[in-house]
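Encoded as structure tokens, the structure appears first; notes follow it.
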Amino acid sequence: MSGVEESDDMMCCASCGTAEVDDIKLKKCACNLVRYCSVKCQKDHRPQHKRACKKRVAELHDEILFKQPESSHKGDCPICFLPLPLDHSKSTLWSCCCKVICDGCDYANVIREKREKLDRKCPFCRHPVPKSEEEFKMNILKRSEANDPVAIRQMGGYRNQEGDYDGAIEYFKKAAGLGDLGAQYELTVMYRNRHGVEKDKKKEAYHLEKAAIGGEPFARHNLGVIENENGRPDRAVKHWIIAAKLGYDESMKTVKEGFKRGLVSKEDFAAALRGHQAAVDATKSPQREEAELALSQQREAAKAARKIE
């Protein structure tokens with residue numbers, strides 16, 4: 001059983017002592033330390049239980065908050081099934097299906113299409129590439145109407161760019177409610193910058209934690225910054241180490257600086273280095289490296305052409 005082992009005391013109401021039998025069901029307190037037969041008993045017992053309850057609730061919260069996620073919030077490319085890189089420039093969101101495809105798979109599809117003289121299509125769903133920005137946005141709108149959380153978050157981004165903060169907040173909240181961690185992070189930005197809402201540090205921290213628990217490294221890093229500003233460097237370091245192990249370079253640099261200043265132990269620094277390298281290596285493949293080289297050459301050629309003009 002997860003949490004605290006159940007004792008004989010937990011089989012009785014902590015306030016009145018009523019035992020749990022077939023017709024009497026006891027309800028656990030949020031701390032999982034005691035049970036009550038009624039709301040009245042819980043209120044009566046509150047004064048003597050309050051301190052232990054708050055302490056245990058905080059411990060349970062931290063157990064969840066500081067658990068290392070298995071991977072980042074970006075997940076895997078739906079074609080090659082390798083983890084998507086944190087660098088947004090190395091993958092593409094396709095408006096037709098709202099799948100994020102790594103550059104390796106996208107480039108391989110482009111090569112295949114050129115070789116077979118095919119029209120350009122989405123590497124995942126084979127929908128024709130939109131011919132304009134308007135068509136791209138129309139595809140996103142259609143996906144959002146179908147309750148696609150990625151599309152809904154994207155719509156929130158459009159509204160935010162247009163200065164329609166109320167609309168942006170509505171879209172971000174809906175996407176977050178559907179489990180989109182990127183939307184959770186966007187909400188933290190809205191609450192920090194007072195876009196469509198009052199500045200609210202508690203709500204900002206709430207959405208940062210939701211995103212961080214799900215593997216959003218930028219949110220995790222920002223939690224570390226907040227903890228450090230609040231004079232709790234030990235908690236800040238924990239956040240940065242977790243983000244570093246997800247492959248986030250900025251957090252790895254911060255952990256390194258913390259090691260130099262004596263805030264990070266040698267063991268924790270070594271573990272962060274290993275975890276960071278493993279996360280970065282997991283996003284690499286020969287196909288992706290080939291795509292990165294080809295795209296880099298294309299950018300250099302375009303830059304040279306502009307200079308000639």
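Chain labels run A, B, ... following the order of the structure tokens; each chain numbers its residues from 1, and ligands are numbered from 1 in the order shown.
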
Item to complete: Do a neighbour search on range 98-105 of chain A at 6 Å with only C-alpha atoms, toss out local chain neighbours closer than 5 positions, and write the hits as a PyMOL selection string.
Response: chain A and resi 77+90-93+287-288+291

Discussion item. Need to verify the contact set: range 205-217 of chain A, 12 Å, only C-alpha atoms, exclusion of same-chain residues closer than 5 positions in sequence. Can you return it as a PyMOL selection string?
Written reply: chain A and resi 61-75+85-87+172-173+176-177+179-192+199-200+222-227+239-252+276+279

Worksheet entry | range 79-250 of chain A: residues DSSP assigns to alpha helix (DSSP H), reported as number ranges by chain | A: 103-115, 133-145, 149-161, 165-177, 181-193, 201-213, 217-229, 233-245, 249-250

Discussion item. As a list in words, please: the residues near Ser265 in chain A (cut-off 12 Å, only C-alpha atoms, same-chain neighbours under 5 positions excluded).
Written reply: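 The neighbour list is Asp234, Val237, Lys238, Ile241, Val255, Lys256, Glu257, Gly258, Phe259, Lys260, Ala270, Ala271 and Ala272 of chain A.
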
Range 156-267 of chain A residues near range 127-144 of chain A within 10 Å, closest pair each, using only C-alpha atoms, as a tab-separated table:
```
residue	atom	partner	partner_atom	distance
A:Tyr158	CA	A:Lys137	CA	9.0
A:Tyr171	CA	A:Ser144	CA	9.2
A:Ala175	CA	A:Ser144	CA	9.2
```

How would the residues just picked look written out with all heavy atoms as a PDB file, in the first residue's frame?
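Written file, part.pdb:
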```
ATOM      1  N   TYR A 158      -2.028  32.201 -30.362  1.00  0.00           N
ATOM      2  CA  TYR A 158      -2.443  33.190 -31.362  1.00  0.00           C
ATOM      3  C   TYR A 158      -3.172  34.358 -30.697  1.00  0.00           C
ATOM      4  O   TYR A 158      -2.922  35.525 -31.015  1.00  0.00           O
ATOM      5  CB  TYR A 158      -3.366  32.543 -32.403  1.00  0.00           C
ATOM      6  CG  TYR A 158      -2.709  31.519 -33.296  1.00  0.00           C
ATOM      7  CD1 TYR A 158      -3.428  30.437 -33.810  1.00  0.00           C
ATOM      8  CD2 TYR A 158      -1.359  31.611 -33.621  1.00  0.00           C
ATOM      9  CE1 TYR A 158      -2.838  29.497 -34.630  1.00  0.00           C
ATOM     10  CE2 TYR A 158      -0.751  30.666 -34.429  1.00  0.00           C
ATOM     11  CZ  TYR A 158      -1.487  29.611 -34.926  1.00  0.00           C
ATOM     12  OH  TYR A 158      -0.900  28.678 -35.730  1.00  0.00           O
ATOM     13  N   TYR A 171      -8.287  29.654 -23.654  1.00  0.00           N
ATOM     14  CA  TYR A 171      -7.726  28.522 -24.405  1.00  0.00           C
ATOM     15  C   TYR A 171      -6.681  27.764 -23.576  1.00  0.00           C
ATOM     16  O   TYR A 171      -6.678  26.526 -23.546  1.00  0.00           O
ATOM     17  CB  TYR A 171      -7.082  29.012 -25.707  1.00  0.00           C
ATOM     18  CG  TYR A 171      -8.054  29.171 -26.860  1.00  0.00           C
ATOM     19  CD1 TYR A 171      -8.297  30.418 -27.432  1.00  0.00           C
ATOM     20  CD2 TYR A 171      -8.713  28.062 -27.394  1.00  0.00           C
ATOM     21  CE1 TYR A 171      -9.173  30.569 -28.499  1.00  0.00           C
ATOM     22  CE2 TYR A 171      -9.585  28.198 -28.470  1.00  0.00           C
ATOM     23  CZ  TYR A 171      -9.817  29.445 -29.013  1.00  0.00           C
ATOM     24  OH  TYR A 171     -10.695  29.589 -30.069  1.00  0.00           O
ATOM     25  N   ALA A 175      -6.841  23.827 -22.487  1.00  0.00           N
ATOM     26  CA  ALA A 175      -5.791  22.881 -22.881  1.00  0.00           C
ATOM     27  C   ALA A 175      -5.150  22.243 -21.656  1.00  0.00           C
ATOM     28  O   ALA A 175      -4.880  21.035 -21.635  1.00  0.00           O
ATOM     29  CB  ALA A 175      -4.728  23.592 -23.727  1.00  0.00           C
TER      30      ALA A 175
END
```

Practice prompt. Enter the distance from CA of Asp148 in chain A to CA of His88 in chain A, in Å, rounded to one decimal.
Written response: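 Computed distance, CA of Asp148 in chain A to CA of His88 in chain A, equals 19.7 Å.
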
Worksheet item: When DSSP works through the backbone of this structure, what residues of range 19-180 of chain A end up as strand (DSSP E), shown as a PyMOL selection string?
Response: chain A and resi 27-28+35-36+91-94+99-102

Any chance you can output those residues with N, CA and C atoms as a JSON list (two decimals), in the first residue's frame?
```
[["chain", "number", "residue", "atom", "x", "y", "z"],
["A", 27, "LYS", "N", -13.49, 8.13, 6.57],
["A", 27, "LYS", "CA", -12.85, 8.87, 5.48],
["A", 27, "LYS", "C", -11.46, 9.33, 5.91],
["A", 28, "LYS", "N", -10.47, 9.08, 5.03],
["A", 28, "LYS", "CA", -9.09, 9.47, 5.34],
["A", 28, "LYS", "C", -8.92, 10.98, 5.33],
["A", 35, "ARG", "N", -8.30, 8.85, 10.28],
["A", 35, "ARG", "CA", -9.60, 8.79, 9.60],
["A", 35, "ARG", "C", -10.68, 9.37, 10.50],
["A", 36, "TYR", "N", -11.80, 9.76, 9.85],
["A", 36, "TYR", "CA", -12.93, 10.33, 10.59],
["A", 36, "TYR", "C", -14.23, 9.73, 10.09],
["A", 91, "SER", "N", 12.30, 20.34, -34.39],
["A", 91, "SER", "CA", 11.08, 19.56, -34.65],
["A", 91, "SER", "C", 10.02, 20.52, -35.21],
["A", 92, "THR", "N", 8.97, 19.95, -35.75],
["A", 92, "THR", "CA", 7.93, 20.76, -36.40],
["A", 92, "THR", "C", 6.54, 20.32, -35.98],
["A", 93, "LEU", "N", 5.69, 21.30, -35.67],
["A", 93, "LEU", "CA", 4.28, 21.00, -35.39],
["A", 93, "LEU", "C", 3.52, 21.03, -36.70],
["A", 94, "TRP", "N", 2.83, 19.94, -37.01],
["A", 94, "TRP", "CA", 2.03, 19.85, -38.24],
["A", 94, "TRP", "C", 0.57, 20.16, -37.91],
["A", 99, "LYS", "N", 0.62, 16.81, -34.67],
["A", 99, "LYS", "CA", 1.72, 15.98, -34.20],
["A", 99, "LYS", "C", 3.02, 16.76, -34.36],
["A", 100, "VAL", "N", 3.92, 16.58, -33.39],
["A", 100, "VAL", "CA", 5.24, 17.20, -33.48],
["A", 100, "VAL", "C", 6.20, 16.14, -34.00],
["A", 101, "ILE", "N", 6.79, 16.41, -35.17],
["A", 101, "ILE", "CA", 7.66, 15.46, -35.85],
["A", 101, "ILE", "C", 9.10, 15.95, -35.78],
["A", 102, "CYS", "N", 10.02, 15.08, -35.45],
["A", 102, "CYS", "CA", 11.43, 15.48, -35.38],
["A", 102, "CYS", "C", 11.96, 15.78, -36.78]]
```
